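Student: I'm passing along my_file01.txt; it holds compact mmCIF, C-alpha atoms and all ligand atoms.
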```
# COMPACT_ATOMS: atom_id res chain seq x y z
CA MET U 29 0.14 -14.97 29.73
CA ALA U 30 2.46 -14.70 26.72
CA ALA U 31 2.20 -17.37 24.01
CA THR U 32 4.65 -20.26 23.83
CA ILE U 33 6.93 -19.55 20.86
CA LEU U 34 7.18 -22.62 18.61
CA ASP U 35 10.81 -22.86 17.53
CA GLY U 36 10.83 -23.91 13.87
CA THR U 37 14.61 -23.75 13.60
CA LYS U 38 14.98 -26.34 16.36
CA LEU U 39 12.26 -28.61 14.90
CA ALA U 40 13.77 -28.37 11.42
CA GLY U 41 17.16 -29.35 12.87
CA ASP U 42 15.56 -32.43 14.46
CA ILE U 43 13.96 -33.42 11.14
CA ARG U 44 17.20 -32.93 9.23
CA ALA U 45 19.05 -35.12 11.72
CA GLU U 46 16.39 -37.83 11.28
CA VAL U 47 16.62 -37.56 7.49
CA ALA U 48 20.43 -37.81 7.66
CA ALA U 49 20.08 -41.02 9.71
CA GLU U 50 17.66 -42.42 7.10
CA VAL U 51 20.06 -41.51 4.30
CA ARG U 52 22.80 -43.44 6.11
CA SER U 53 20.57 -46.48 6.48
CA LEU U 54 19.59 -46.28 2.78
CA ALA U 55 23.30 -46.19 1.91
CA GLU U 56 23.63 -49.58 3.59
CA ALA U 57 21.00 -50.84 1.12
CA GLY U 58 23.03 -49.34 -1.74
CA VAL U 59 20.67 -46.42 -2.36
CA ARG U 60 21.61 -42.74 -2.41
CA PRO U 61 18.58 -40.43 -2.81
CA GLY U 62 19.11 -37.81 -5.50
CA LEU U 63 17.51 -34.40 -6.08
CA ALA U 64 17.68 -32.38 -9.30
CA VAL U 65 16.89 -28.69 -9.05
CA VAL U 66 15.97 -26.78 -12.20
CA LEU U 67 16.77 -23.09 -11.94
CA ALA U 68 15.95 -21.44 -15.25
CA GLY U 69 17.14 -17.89 -15.96
CA HIS U 70 18.48 -15.37 -13.47
CA ASN U 71 16.37 -14.47 -10.47
CA PRO U 72 18.37 -13.38 -7.39
CA ALA U 73 15.75 -14.55 -4.87
CA SER U 74 15.44 -17.97 -6.59
CA GLU U 75 19.22 -18.32 -6.65
CA ILE U 76 19.33 -17.80 -2.87
CA TYR U 77 16.53 -20.36 -2.28
CA VAL U 78 18.24 -22.92 -4.53
CA ARG U 79 21.58 -22.42 -2.79
CA GLY U 80 19.87 -23.14 0.54
CA LYS U 81 18.29 -26.32 -0.86
CA VAL U 82 21.54 -27.62 -2.36
CA LYS U 83 23.41 -26.92 0.90
CA ALA U 84 20.74 -28.73 2.93
CA CYS U 85 21.11 -31.76 0.61
CA GLU U 86 24.86 -31.82 1.22
CA GLU U 87 24.33 -31.68 4.98
CA VAL U 88 22.00 -34.69 5.09
CA GLY U 89 23.91 -36.71 2.46
CA ILE U 90 21.42 -36.46 -0.42
CA PHE U 91 23.01 -36.29 -3.88
CA SER U 92 21.98 -33.07 -5.61
CA GLU U 93 22.59 -31.41 -8.93
CA LYS U 94 21.57 -28.05 -10.32
CA HIS U 95 20.42 -27.45 -13.88
CA THR U 96 20.55 -23.84 -15.05
CA PRO U 97 18.93 -23.34 -18.46
CA PRO U 98 19.30 -19.74 -19.72
CA ASP U 99 16.69 -16.94 -19.51
CA SER U 100 15.81 -17.71 -23.13
CA ALA U 101 14.89 -21.38 -22.45
CA THR U 102 11.76 -22.41 -24.33
CA THR U 103 8.94 -24.65 -23.11
CA ALA U 104 10.20 -27.40 -25.44
CA GLU U 105 13.74 -27.20 -24.06
CA LEU U 106 12.54 -27.31 -20.47
CA LEU U 107 10.19 -30.22 -21.24
CA ALA U 108 13.12 -32.12 -22.76
CA LEU U 109 15.17 -31.52 -19.60
CA ILE U 110 12.34 -32.72 -17.36
CA GLU U 111 11.87 -35.81 -19.52
CA HIS U 112 15.59 -36.60 -19.23
CA LEU U 113 15.41 -36.25 -15.42
CA ASN U 114 12.24 -38.37 -15.32
CA GLN U 115 14.15 -41.19 -17.05
CA ARG U 116 17.23 -41.12 -14.81
CA ASP U 117 17.18 -43.76 -12.13
CA ASP U 118 19.61 -41.92 -9.82
CA ILE U 119 17.25 -38.94 -9.57
CA ASP U 120 14.39 -39.40 -7.07
CA GLY U 121 13.21 -35.81 -6.79
CA ILE U 122 12.79 -33.03 -9.36
CA LEU U 123 12.24 -29.51 -8.17
CA VAL U 124 11.40 -26.79 -10.68
CA GLN U 125 12.14 -23.46 -9.02
CA LEU U 126 9.44 -20.90 -9.77
CA PRO U 127 9.02 -18.43 -11.34
CA LEU U 128 10.14 -19.74 -14.73
CA PRO U 129 11.05 -17.27 -17.51
CA ALA U 130 7.92 -15.59 -18.88
CA GLN U 131 7.93 -17.40 -22.25
CA ALA U 132 7.93 -20.85 -20.59
CA ASP U 133 4.58 -22.54 -19.96
CA SER U 134 4.92 -23.23 -16.20
CA LYS U 135 1.77 -25.34 -15.91
CA ARG U 136 2.82 -27.66 -18.74
CA ILE U 137 6.33 -27.98 -17.34
CA LEU U 138 5.14 -28.79 -13.81
CA MET U 139 2.65 -31.32 -15.22
CA ALA U 140 5.52 -33.06 -17.04
CA VAL U 141 7.34 -33.95 -13.80
CA ASP U 142 6.90 -37.65 -13.00
CA PRO U 143 4.46 -37.61 -10.02
CA ALA U 144 6.72 -40.15 -8.27
CA LYS U 145 9.54 -37.56 -8.38
CA ASP U 146 7.38 -34.50 -7.65
CA VAL U 147 8.98 -33.51 -4.33
CA ASP U 148 7.06 -30.21 -4.31
CA GLY U 149 3.78 -32.16 -4.30
CA PHE U 150 2.20 -29.80 -6.86
CA HIS U 151 1.31 -32.37 -9.55
CA PRO U 152 -2.48 -32.94 -9.78
CA MET U 153 -1.90 -36.64 -9.16
CA ASN U 154 -0.27 -35.90 -5.79
CA VAL U 155 -3.03 -33.38 -5.02
CA GLY U 156 -5.50 -36.22 -5.66
CA PHE U 157 -3.53 -38.63 -3.48
CA LEU U 158 -3.62 -36.08 -0.65
CA SER U 159 -7.35 -35.51 -0.92
CA THR U 160 -8.06 -39.25 -1.01
CA GLN U 161 -5.56 -40.05 1.77
CA ARG U 162 -3.31 -42.27 -0.34
CA PRO U 163 0.49 -42.34 0.02
CA GLY U 164 2.06 -39.62 -2.09
CA LEU U 165 4.22 -36.52 -1.94
CA VAL U 166 2.81 -33.63 0.12
CA PRO U 167 3.80 -29.98 -0.51
CA CYS U 168 6.69 -29.00 1.77
CA THR U 169 5.37 -25.91 3.58
CA PRO U 170 1.99 -27.48 4.47
CA ALA U 171 3.75 -30.68 5.58
CA GLY U 172 6.00 -28.47 7.74
CA VAL U 173 2.95 -26.87 9.40
CA MET U 174 1.69 -30.32 10.39
CA GLU U 175 5.12 -31.32 11.73
CA ILE U 176 5.18 -28.22 13.95
CA LEU U 177 1.78 -29.16 15.40
CA LYS U 178 2.71 -32.82 15.87
CA ARG U 179 6.13 -32.23 17.38
CA SER U 180 4.76 -29.50 19.69
CA HIS U 181 2.09 -31.97 20.91
CA ILE U 182 -0.78 -29.73 19.83
CA ALA U 183 -3.98 -31.72 19.44
CA VAL U 184 -5.60 -31.48 16.00
CA ALA U 185 -8.37 -34.12 16.01
CA GLY U 186 -11.71 -32.64 17.00
CA GLN U 187 -10.36 -29.08 17.04
CA GLU U 188 -11.69 -26.10 15.09
CA ALA U 189 -9.07 -25.10 12.52
CA VAL U 190 -9.31 -21.97 10.39
CA VAL U 191 -6.97 -21.46 7.43
CA VAL U 192 -6.74 -17.97 5.94
CA GLY U 193 -5.59 -18.34 2.31
CA ARG U 194 -6.62 -20.81 -0.37
CA SER U 195 -3.61 -21.02 -2.68
CA ASP U 196 -2.74 -24.34 -4.30
CA ILE U 197 0.68 -24.34 -2.68
CA VAL U 198 -0.18 -23.43 0.92
CA GLY U 199 -3.80 -22.75 1.95
CA LYS U 200 -5.60 -25.65 0.24
CA PRO U 201 -3.08 -28.39 1.08
CA VAL U 202 -2.84 -27.19 4.72
CA ALA U 203 -6.64 -27.35 4.95
CA MET U 204 -6.64 -30.85 3.46
CA LEU U 205 -3.95 -32.08 5.86
CA LEU U 206 -5.85 -30.66 8.85
CA LEU U 207 -9.04 -32.31 7.60
CA ASN U 208 -7.22 -35.64 7.15
CA ALA U 209 -6.03 -35.23 10.75
CA ASN U 210 -9.70 -34.92 11.85
CA ALA U 211 -9.90 -31.18 12.56
CA THR U 212 -13.06 -29.30 11.64
CA VAL U 213 -11.73 -27.00 8.96
CA THR U 214 -12.85 -23.62 7.62
CA VAL U 215 -10.97 -22.05 4.70
CA CYS U 216 -11.10 -18.26 4.37
CA HIS U 217 -10.03 -15.93 1.55
CA SER U 218 -10.36 -12.36 0.35
CA LYS U 219 -14.14 -12.65 -0.10
CA THR U 220 -14.84 -14.08 3.37
CA GLY U 221 -17.33 -11.96 5.33
CA ASP U 222 -16.42 -10.93 8.90
CA LEU U 223 -13.00 -12.58 8.81
CA PRO U 224 -12.11 -11.68 12.45
CA ALA U 225 -15.24 -13.44 13.75
CA VAL U 226 -14.55 -16.59 11.69
CA CYS U 227 -10.91 -16.61 12.84
CA ARG U 228 -11.96 -16.26 16.49
CA ARG U 229 -13.64 -19.67 16.24
CA ALA U 230 -10.24 -21.28 15.70
CA ASP U 231 -8.38 -23.45 18.17
CA ILE U 232 -5.75 -23.61 15.41
CA LEU U 233 -5.40 -20.58 13.15
CA VAL U 234 -3.16 -20.79 10.09
CA ALA U 235 -2.34 -17.53 8.29
CA ALA U 236 -1.14 -17.91 4.68
CA ILE U 237 -2.13 -14.58 3.18
CA GLY U 238 0.93 -12.57 2.20
CA ARG U 239 -0.04 -9.39 4.11
CA ALA U 240 2.29 -8.25 6.87
CA GLY U 241 0.70 -8.25 10.31
CA MET U 242 -2.89 -8.53 9.03
CA ILE U 243 -3.92 -10.94 11.79
CA THR U 244 -4.24 -8.72 14.87
CA ARG U 245 -5.32 -9.71 18.38
CA ASN U 246 -9.04 -9.32 17.62
CA PHE U 247 -8.77 -12.28 15.18
CA VAL U 248 -7.56 -14.66 17.86
CA LYS U 249 -9.38 -16.67 20.51
CA PRO U 250 -7.43 -16.54 23.79
CA GLY U 251 -5.20 -19.60 24.07
CA ALA U 252 -5.41 -20.55 20.36
CA THR U 253 -2.43 -21.93 18.44
CA VAL U 254 -1.43 -19.54 15.65
CA ILE U 255 0.73 -20.72 12.75
CA ASP U 256 2.14 -17.87 10.69
CA VAL U 257 3.14 -18.96 7.16
CA GLY U 258 3.51 -15.40 5.82
CA MET U 259 6.87 -14.08 4.67
CA ASN U 260 6.64 -10.42 3.81
CA LYS U 261 9.43 -7.94 3.26
CA VAL U 262 8.52 -4.71 5.06
CA THR U 263 10.29 -1.62 3.70
CA ASP U 264 7.79 1.13 4.57
CA LEU U 265 8.62 2.97 7.82
CA ALA U 266 5.00 3.54 8.89
CA GLU U 267 4.24 -0.16 8.30
CA PHE U 268 7.37 -1.09 10.22
CA GLN U 269 6.30 1.07 13.16
CA ARG U 270 2.77 -0.38 13.18
CA LEU U 271 4.34 -3.81 13.64
CA PHE U 272 7.60 -3.42 15.50
CA ALA U 273 7.78 -0.05 17.30
CA GLY U 274 9.70 -0.52 20.54
CA ASN U 275 11.43 -3.73 19.36
CA ALA U 276 15.07 -2.64 19.67
CA ARG U 277 16.52 -5.60 17.74
CA ARG U 278 14.14 -5.11 14.78
CA GLU U 279 14.72 -1.35 14.79
CA GLU U 280 18.45 -1.93 14.52
CA THR U 281 18.10 -4.34 11.52
CA PHE U 282 15.62 -2.02 9.83
CA ARG U 283 18.00 0.90 10.22
CA GLN U 284 20.88 -1.13 8.77
CA LYS U 285 19.10 -2.99 5.95
CA GLY U 286 16.10 -0.77 5.23
CA SER U 287 13.79 -3.78 5.50
CA THR U 288 12.70 -6.58 7.78
CA LEU U 289 10.90 -9.90 7.32
CA ALA U 290 7.41 -9.98 8.82
CA GLY U 291 4.75 -12.65 9.02
CA ASP U 292 1.02 -12.28 8.41
CA VAL U 293 0.44 -12.19 12.16
CA HIS U 294 0.89 -8.99 14.17
CA PRO U 295 3.36 -9.40 17.07
CA GLU U 296 0.64 -8.28 19.55
CA VAL U 297 -1.00 -11.71 18.98
CA ALA U 298 1.67 -13.17 21.29
CA GLU U 299 -0.29 -11.59 24.18
CA VAL U 300 -3.47 -13.57 23.39
CA ALA U 301 -2.44 -16.81 21.65
CA GLY U 302 -1.49 -19.95 23.54
CA ALA U 303 1.27 -20.81 21.05
CA LEU U 304 2.69 -18.97 18.07
CA THR U 305 5.27 -19.52 15.33
CA PRO U 306 7.71 -16.61 14.91
CA VAL U 307 8.81 -15.06 11.60
CA PRO U 308 11.61 -15.64 10.86
CA GLY U 309 12.37 -18.97 12.52
CA GLY U 310 8.93 -20.58 12.44
CA VAL U 311 7.44 -22.30 9.38
CA GLY U 312 10.24 -21.19 7.01
CA PRO U 313 12.98 -23.58 8.22
CA LEU U 314 10.54 -26.51 8.07
CA THR U 315 10.00 -26.01 4.33
CA ILE U 316 13.55 -27.04 3.39
CA ALA U 317 13.60 -29.81 6.02
CA MET U 318 10.43 -31.27 4.46
CA LEU U 319 11.98 -31.07 0.98
CA MET U 320 14.80 -33.29 2.27
CA SER U 321 12.28 -35.59 3.89
CA ASN U 322 10.20 -35.74 0.66
CA THR U 323 13.28 -36.64 -1.40
CA VAL U 324 14.01 -39.59 0.87
CA LYS U 325 10.31 -40.55 0.82
CA ALA U 326 10.32 -40.43 -2.99
CA ALA U 327 13.42 -42.64 -3.08
CA LYS U 328 11.71 -45.17 -0.84
CA LEU U 329 8.33 -45.09 -2.63
CA ARG U 330 9.95 -45.32 -6.05
CA ARG U 331 12.67 -47.89 -5.39
CA GLY U 332 11.04 -49.74 -2.48
CA SER U 333 9.56 -52.51 -4.57
CA ARG U 334 12.90 -53.16 -6.33
CA VAL U 335 15.22 -53.01 -3.31
CA PRO U 336 14.01 -55.59 -0.77
CA ALA U 337 16.10 -54.03 2.03
CA LEU U 338 13.91 -50.91 1.78
CA ALA U 339 10.64 -52.73 2.37
CA GLY U 340 9.02 -51.42 5.54
CA LYS U 341 11.61 -48.67 6.09
P1 LIG U 401 -1.13 -16.35 -2.57
O1 LIG U 401 -1.02 -14.92 -2.90
O2 LIG U 401 -1.10 -17.38 -3.65
O3 LIG U 401 -2.49 -16.57 -1.75
C1 LIG U 401 -2.90 -15.68 -0.75
C2 LIG U 401 -4.25 -16.08 -0.22
O4 LIG U 401 -4.61 -15.13 0.78
C3 LIG U 401 -5.35 -16.06 -1.28
O5 LIG U 401 -6.18 -17.19 -1.13
C4 LIG U 401 -6.12 -14.77 -0.97
O6 LIG U 401 -7.51 -14.85 -1.23
C5 LIG U 401 -5.92 -14.63 0.52
N1 LIG U 401 -6.03 -13.23 0.92
C6 LIG U 401 -5.37 -12.17 0.38
N2 LIG U 401 -5.77 -11.02 0.99
C7 LIG U 401 -6.71 -11.38 1.90
C8 LIG U 401 -7.51 -10.66 2.81
N3 LIG U 401 -7.41 -9.33 2.93
N4 LIG U 401 -8.38 -11.34 3.58
C9 LIG U 401 -8.47 -12.68 3.50
N5 LIG U 401 -7.74 -13.44 2.64
C10 LIG U 401 -6.87 -12.78 1.85
O7 LIG U 401 0.01 -16.63 -1.48
P2 LIG U 401 0.71 -18.01 -1.03
O8 LIG U 401 -0.31 -18.96 -0.53
O9 LIG U 401 1.66 -18.44 -2.07
O10 LIG U 401 1.59 -17.49 0.19
C11 LIG U 401 1.01 -16.92 1.34
C12 LIG U 401 2.11 -16.37 2.23
O11 LIG U 401 2.95 -17.44 2.65
C13 LIG U 401 3.06 -15.37 1.54
O12 LIG U 401 3.47 -14.40 2.49
C14 LIG U 401 4.25 -16.22 1.15
O13 LIG U 401 5.45 -15.47 1.05
C15 LIG U 401 4.30 -17.18 2.31
N6 LIG U 401 4.97 -18.45 2.01
C16 LIG U 401 5.85 -18.91 2.94
C17 LIG U 401 6.51 -20.10 2.75
C18 LIG U 401 7.45 -20.57 3.80
O14 LIG U 401 8.31 -21.41 3.52
N7 LIG U 401 7.31 -20.08 5.04
C19 LIG U 401 6.32 -20.90 1.53
C20 LIG U 401 5.27 -20.40 0.66
C21 LIG U 401 4.65 -19.20 0.90
P3 LIG U 401 -8.14 -15.02 -2.73
O15 LIG U 401 -7.91 -16.46 -3.08
O16 LIG U 401 -9.56 -14.67 -2.56
O17 LIG U 401 -7.36 -14.07 -3.60
```
Once you've parsed the file, please lay out its structure as structure tokens.
Ligand code: NDP

Tutor:
Amino acid sequence: MAATILDGTKLAGDIRAEVAAEVRSLAEAGVRPGLAVVLAGHNPASEIYVRGKVKACEEVGIFSEKHTPPDSATTAELLALIEHLNQRDDIDGILVQLPLPAQADSKRILMAVDPAKDVDGFHPMNVGFLSTQRPGLVPCTPAGVMEILKRSHIAVAGQEAVVVGRSDIVGKPVAMLLLNANATVTVCHSKTGDLPAVCRRADILVAAIGRAGMITRNFVKPGATVIDVGMNKVTDLAEFQRLFAGNARREETFRQKGSTLAGDVHPEVAEVAGALTPVPGGVGPLTIAMLMSNTVKAAKLRRGSRVPALAGK
């Protein structure tokens, strides 16, 4: 039987509607959550991502502003900007779009963001909060993975979960969230021996690798839930055919654009898995929805103690 396709676009729409309702109720308490996005230099892909984030803010009623230091911005200049944003009371979330220009010290700049405003959840203090199960800000894509599981009523507690990928922004926080939700978690990476056999243990398999269609059917236990975080641009014709031969809609886009977006999971997995997130339209839309949700969460965590009407919201 073909896998149930988990519709991330629909779930993200639900979350955005919930966030918009929260923003309206915060407005009654005199609070408008605010997000500052720092986009340093010119990077076409980053500019597209930032546009999407600013537009999503507008839709849910979050105040947003964009800061665009030039390509030549130094570490000191960027640190001064972050410090200014840290001090502003109307800004609840600060998002530093990566990559920064080469001369800027990214680690130092990310470390300078006030952890209470770190809506990306990358600051070591938020990483520590996550691993010790304290309230804090959780990275958006991993939080989105958990929302997909929760809202699709997929049991996590007591299940075998396997995460392929151990990056600080996806693999490790996903593994930590699954562990906190009482799954038995295995984390795999490029040095893992017999990866297909380890993956076949999974009731929940999360692929966050960055290799188009690497997870084929022999990696998947029949009936497993497969979450595909990968976003890979496929431009090579042979690679395209390995993944999408016979898919008329994909063939048409590939012919027109010369590329297509593919996940880390091969489409044939839909014949074995119980449930599967598509690419595009799976995890991707949740990432921006969780950024909106994190901004509202930051506003509540940060201002909650000072605005009595927010207590318990
Ligand atoms: P990284 O490159 O930082 O990490 C990739 C991980 O995959 C590493 O841990 C690496 O292992 C592991 N890996 C690489 N090759 C293999 C292999 N052959 N076998 C087993 N493990 C392997 O990537 P990210 O975590 O940043 O991103 C992963 C994917 O998710 C990318 O496609 C990215 O575009 C996508 N992404 C999607 C988002 C969304 O909103 N949907 C958001 C963020 C990312 P090792 O550590 O040993 O090198």

Student: Measuring between only C-alpha atoms, which one of U:Asn210, U:Leu314, U:Ser287, U:Arg228 shows the shortest distance to Ala266 (chain U)?

Tutor: U:Ser287

Student: Which residues are near Asp231 (chain U)? Cut-off 7 Å, only C-alpha atoms, ignore same chain within fewer than 5 positions. Put them as a PyMOL selection string.

Tutor: chain U and resi 187-189+252-253

Student: Go through chain U residue by residue and, counting only C-alpha atoms and all ligand atoms, keep those with an atom at most 10 Å from ligand LIG 401 (chain U); for each kept residue give the shortest atom pair and its distance in Å to one decimal, ordered by chain and increasing number, as a tab-separated table.

Tutor:
```
residue	atom	partner	partner_atom	distance
U:Pro167	CA	U:LIG401	C19	9.6
U:Cys168	CA	U:LIG401	O14	8.0
U:Thr169	CA	U:LIG401	O14	5.4
U:Pro170	CA	U:LIG401	C19	8.4
U:Gly172	CA	U:LIG401	O14	8.5
U:Val173	CA	U:LIG401	N7	9.2
U:Val191	CA	U:LIG401	N5	9.4
U:Val192	CA	U:LIG401	N5	5.7
U:Gly193	CA	U:LIG401	C2	3.6
U:Arg194	CA	U:LIG401	O5	3.7
U:Ser195	CA	U:LIG401	O8	4.4
U:Asp196	CA	U:LIG401	O8	7.0
U:Ile197	CA	U:LIG401	O8	5.9
U:Val198	CA	U:LIG401	O8	4.7
U:Gly199	CA	U:LIG401	O8	5.7
U:Lys200	CA	U:LIG401	O8	8.6
U:Pro201	CA	U:LIG401	O8	10.0
U:Val215	CA	U:LIG401	O5	9.0
U:Cys216	CA	U:LIG401	N5	6.1
U:His217	CA	U:LIG401	N5	3.6
U:Ser218	CA	U:LIG401	N5	3.6
U:Lys219	CA	U:LIG401	O16	5.6
U:Thr220	CA	U:LIG401	C9	6.5
U:Gly221	CA	U:LIG401	C9	9.1
U:Asp222	CA	U:LIG401	N4	9.6
U:Leu223	CA	U:LIG401	C9	7.0
U:Pro224	CA	U:LIG401	N4	9.6
U:Ala235	CA	U:LIG401	C12	7.6
U:Ala236	CA	U:LIG401	C11	4.1
U:Ile237	CA	U:LIG401	O4	3.5
U:Gly238	CA	U:LIG401	O12	3.1
U:Arg239	CA	U:LIG401	O12	6.3
U:Ala240	CA	U:LIG401	O12	7.6
U:Met242	CA	U:LIG401	N3	7.6
U:Ile243	CA	U:LIG401	N4	9.4
U:Asp256	CA	U:LIG401	N7	8.0
U:Val257	CA	U:LIG401	O11	4.8
U:Gly258	CA	U:LIG401	O12	3.5
U:Met259	CA	U:LIG401	O12	4.1
U:Asn260	CA	U:LIG401	O12	5.3
U:Lys261	CA	U:LIG401	O13	8.8
U:Leu289	CA	U:LIG401	O12	9.9
U:Ala290	CA	U:LIG401	O12	8.7
U:Gly291	CA	U:LIG401	O12	6.9
U:Asp292	CA	U:LIG401	O12	6.7
U:Val307	CA	U:LIG401	N7	8.4
U:Pro308	CA	U:LIG401	N7	8.5
U:Gly309	CA	U:LIG401	N7	9.1
U:Gly310	CA	U:LIG401	N7	7.6
U:Val311	CA	U:LIG401	N7	4.9
U:Gly312	CA	U:LIG401	N7	3.7
U:Pro313	CA	U:LIG401	O14	7.0
U:Leu314	CA	U:LIG401	O14	7.2
U:Thr315	CA	U:LIG401	O14	5.0
U:Ile316	CA	U:LIG401	O14	7.7
```

Student: If you count all atoms listed in the file, which residues fall within 6 Å of region 44-52 of chain U, apart from same-chain ones fewer than 5 positions away, as a PyMOL selection string?

Tutor: chain U and resi 88+317+321

Student: Go ahead and compute the interatomic distance for CA of His112 (chain U) and CA of Arg79 (chain U), in Å to one decimal.

Tutor: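 CA of His112 (chain U) sits 22.5 Å away from CA of Arg79 (chain U).
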
Student: For region 312-324 of chain U, I'd like the enclosing box, axis-aligned and padded by 3 Å on every side, reported as lines of an AutoDock Vina configuration file with centre and edge lengths in Å to one decimal.

Tutor:
```
center_x = 12.4
center_y = -30.4
center_z = 3.4
size_x = 10.8
size_y = 24.4
size_z = 15.6
```

Student: Could you tell me which of U:Val141, U:Leu128, U:Glu86, U:Ala31 comes closest to Val248 (chain U) if we count all atoms listed in the file?

Tutor: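 Under the stated criterion, the closest residue is U:Ala31.
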
Student: Go through U:Cys227, U:Leu126, U:Arg330, U:Leu63 one by one, measure the shortest atom-to-atom distance of each to Pro143 (chain U) using all atoms listed in the file, and give the residue with the smallest value.

Tutor: U:Arg330

Student: Counting all atoms listed in the file, figure out which residue out of U:Ala104, U:Asp148, U:Asp42, U:Ala73 gets nearest to Ala171 (chain U).

Tutor: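 So, comparing all the options, the nearest one is U:Asp148.
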
Student: Please report the interatomic distance between CA of Ala57 (chain U) and CA of Gly89 (chain U) in Å with one decimal.

Tutor: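 Interatomic distance here is 14.5 Å.
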
Student: In the coordinate frame of the file, compute which residues have an atom within 6 Å of (2.1, -34.4, -2.5) when using only C-alpha atoms, and state them as number ranges by chain.

Tutor: U: 149, 154-155, 164-167

Student: So what do you get for CA of Val213 (chain U) versus CA of Thr37 (chain U), distance-wise?

Tutor: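 Computing the Euclidean distance for CA of Val213 (chain U) and CA of Thr37 (chain U) yields 26.9 Å.
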
Student: Can you complete the atoms of region 247-252 of chain U to all heavy atoms and list them as a PDB file, in the frame of the given file?

Tutor:
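The resulting file, part.pdb, is reproduced below:
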```pdb
ATOM      1  N   PHE U 247      -8.479 -11.104  16.013  1.00  0.00           N
ATOM      2  CA  PHE U 247      -8.770 -12.280  15.180  1.00  0.00           C
ATOM      3  C   PHE U 247      -8.576 -13.584  15.970  1.00  0.00           C
ATOM      4  O   PHE U 247      -8.803 -14.670  15.438  1.00  0.00           O
ATOM      5  CB  PHE U 247      -7.799 -12.364  13.980  1.00  0.00           C
ATOM      6  CG  PHE U 247      -8.039 -11.382  12.869  1.00  0.00           C
ATOM      7  CD1 PHE U 247      -7.872 -10.023  13.051  1.00  0.00           C
ATOM      8  CD2 PHE U 247      -8.397 -11.832  11.592  1.00  0.00           C
ATOM      9  CE1 PHE U 247      -8.056  -9.118  12.010  1.00  0.00           C
ATOM     10  CE2 PHE U 247      -8.589 -10.940  10.544  1.00  0.00           C
ATOM     11  CZ  PHE U 247      -8.419  -9.581  10.760  1.00  0.00           C
ATOM     12  N   VAL U 248      -8.079 -13.460  17.197  1.00  0.00           N
ATOM     13  CA  VAL U 248      -7.560 -14.660  17.860  1.00  0.00           C
ATOM     14  C   VAL U 248      -8.302 -14.967  19.157  1.00  0.00           C
ATOM     15  O   VAL U 248      -8.433 -14.094  20.028  1.00  0.00           O
ATOM     16  CB  VAL U 248      -6.043 -14.486  18.140  1.00  0.00           C
ATOM     17  CG1 VAL U 248      -5.467 -15.706  18.859  1.00  0.00           C
ATOM     18  CG2 VAL U 248      -5.278 -14.244  16.833  1.00  0.00           C
ATOM     19  N   LYS U 249      -8.761 -16.217  19.263  1.00  0.00           N
ATOM     20  CA  LYS U 249      -9.380 -16.670  20.510  1.00  0.00           C
ATOM     21  C   LYS U 249      -8.283 -16.851  21.557  1.00  0.00           C
ATOM     22  O   LYS U 249      -7.238 -17.452  21.252  1.00  0.00           O
ATOM     23  CB  LYS U 249     -10.075 -18.009  20.247  1.00  0.00           C
ATOM     24  CG  LYS U 249     -10.667 -18.669  21.467  1.00  0.00           C
ATOM     25  CD  LYS U 249     -11.680 -19.713  21.098  1.00  0.00           C
ATOM     26  CE  LYS U 249     -11.053 -21.081  20.880  1.00  0.00           C
ATOM     27  NZ  LYS U 249     -12.066 -22.115  20.604  1.00  0.00           N
ATOM     28  N   PRO U 250      -8.473 -16.367  22.791  1.00  0.00           N
ATOM     29  CA  PRO U 250      -7.430 -16.540  23.790  1.00  0.00           C
ATOM     30  C   PRO U 250      -7.017 -18.007  23.929  1.00  0.00           C
ATOM     31  O   PRO U 250      -7.866 -18.887  23.992  1.00  0.00           O
ATOM     32  CB  PRO U 250      -8.073 -16.019  25.084  1.00  0.00           C
ATOM     33  CG  PRO U 250      -9.076 -15.019  24.600  1.00  0.00           C
ATOM     34  CD  PRO U 250      -9.613 -15.566  23.300  1.00  0.00           C
ATOM     35  N   GLY U 251      -5.720 -18.239  23.902  1.00  0.00           N
ATOM     36  CA  GLY U 251      -5.200 -19.600  24.070  1.00  0.00           C
ATOM     37  C   GLY U 251      -5.037 -20.379  22.778  1.00  0.00           C
ATOM     38  O   GLY U 251      -4.497 -21.488  22.776  1.00  0.00           O
ATOM     39  N   ALA U 252      -5.497 -19.823  21.641  1.00  0.00           N
ATOM     40  CA  ALA U 252      -5.410 -20.550  20.360  1.00  0.00           C
ATOM     41  C   ALA U 252      -3.951 -20.719  19.919  1.00  0.00           C
ATOM     42  O   ALA U 252      -3.075 -19.945  20.307  1.00  0.00           O
ATOM     43  CB  ALA U 252      -6.182 -19.782  19.289  1.00  0.00           C
TER      44      ALA U 252
END
```
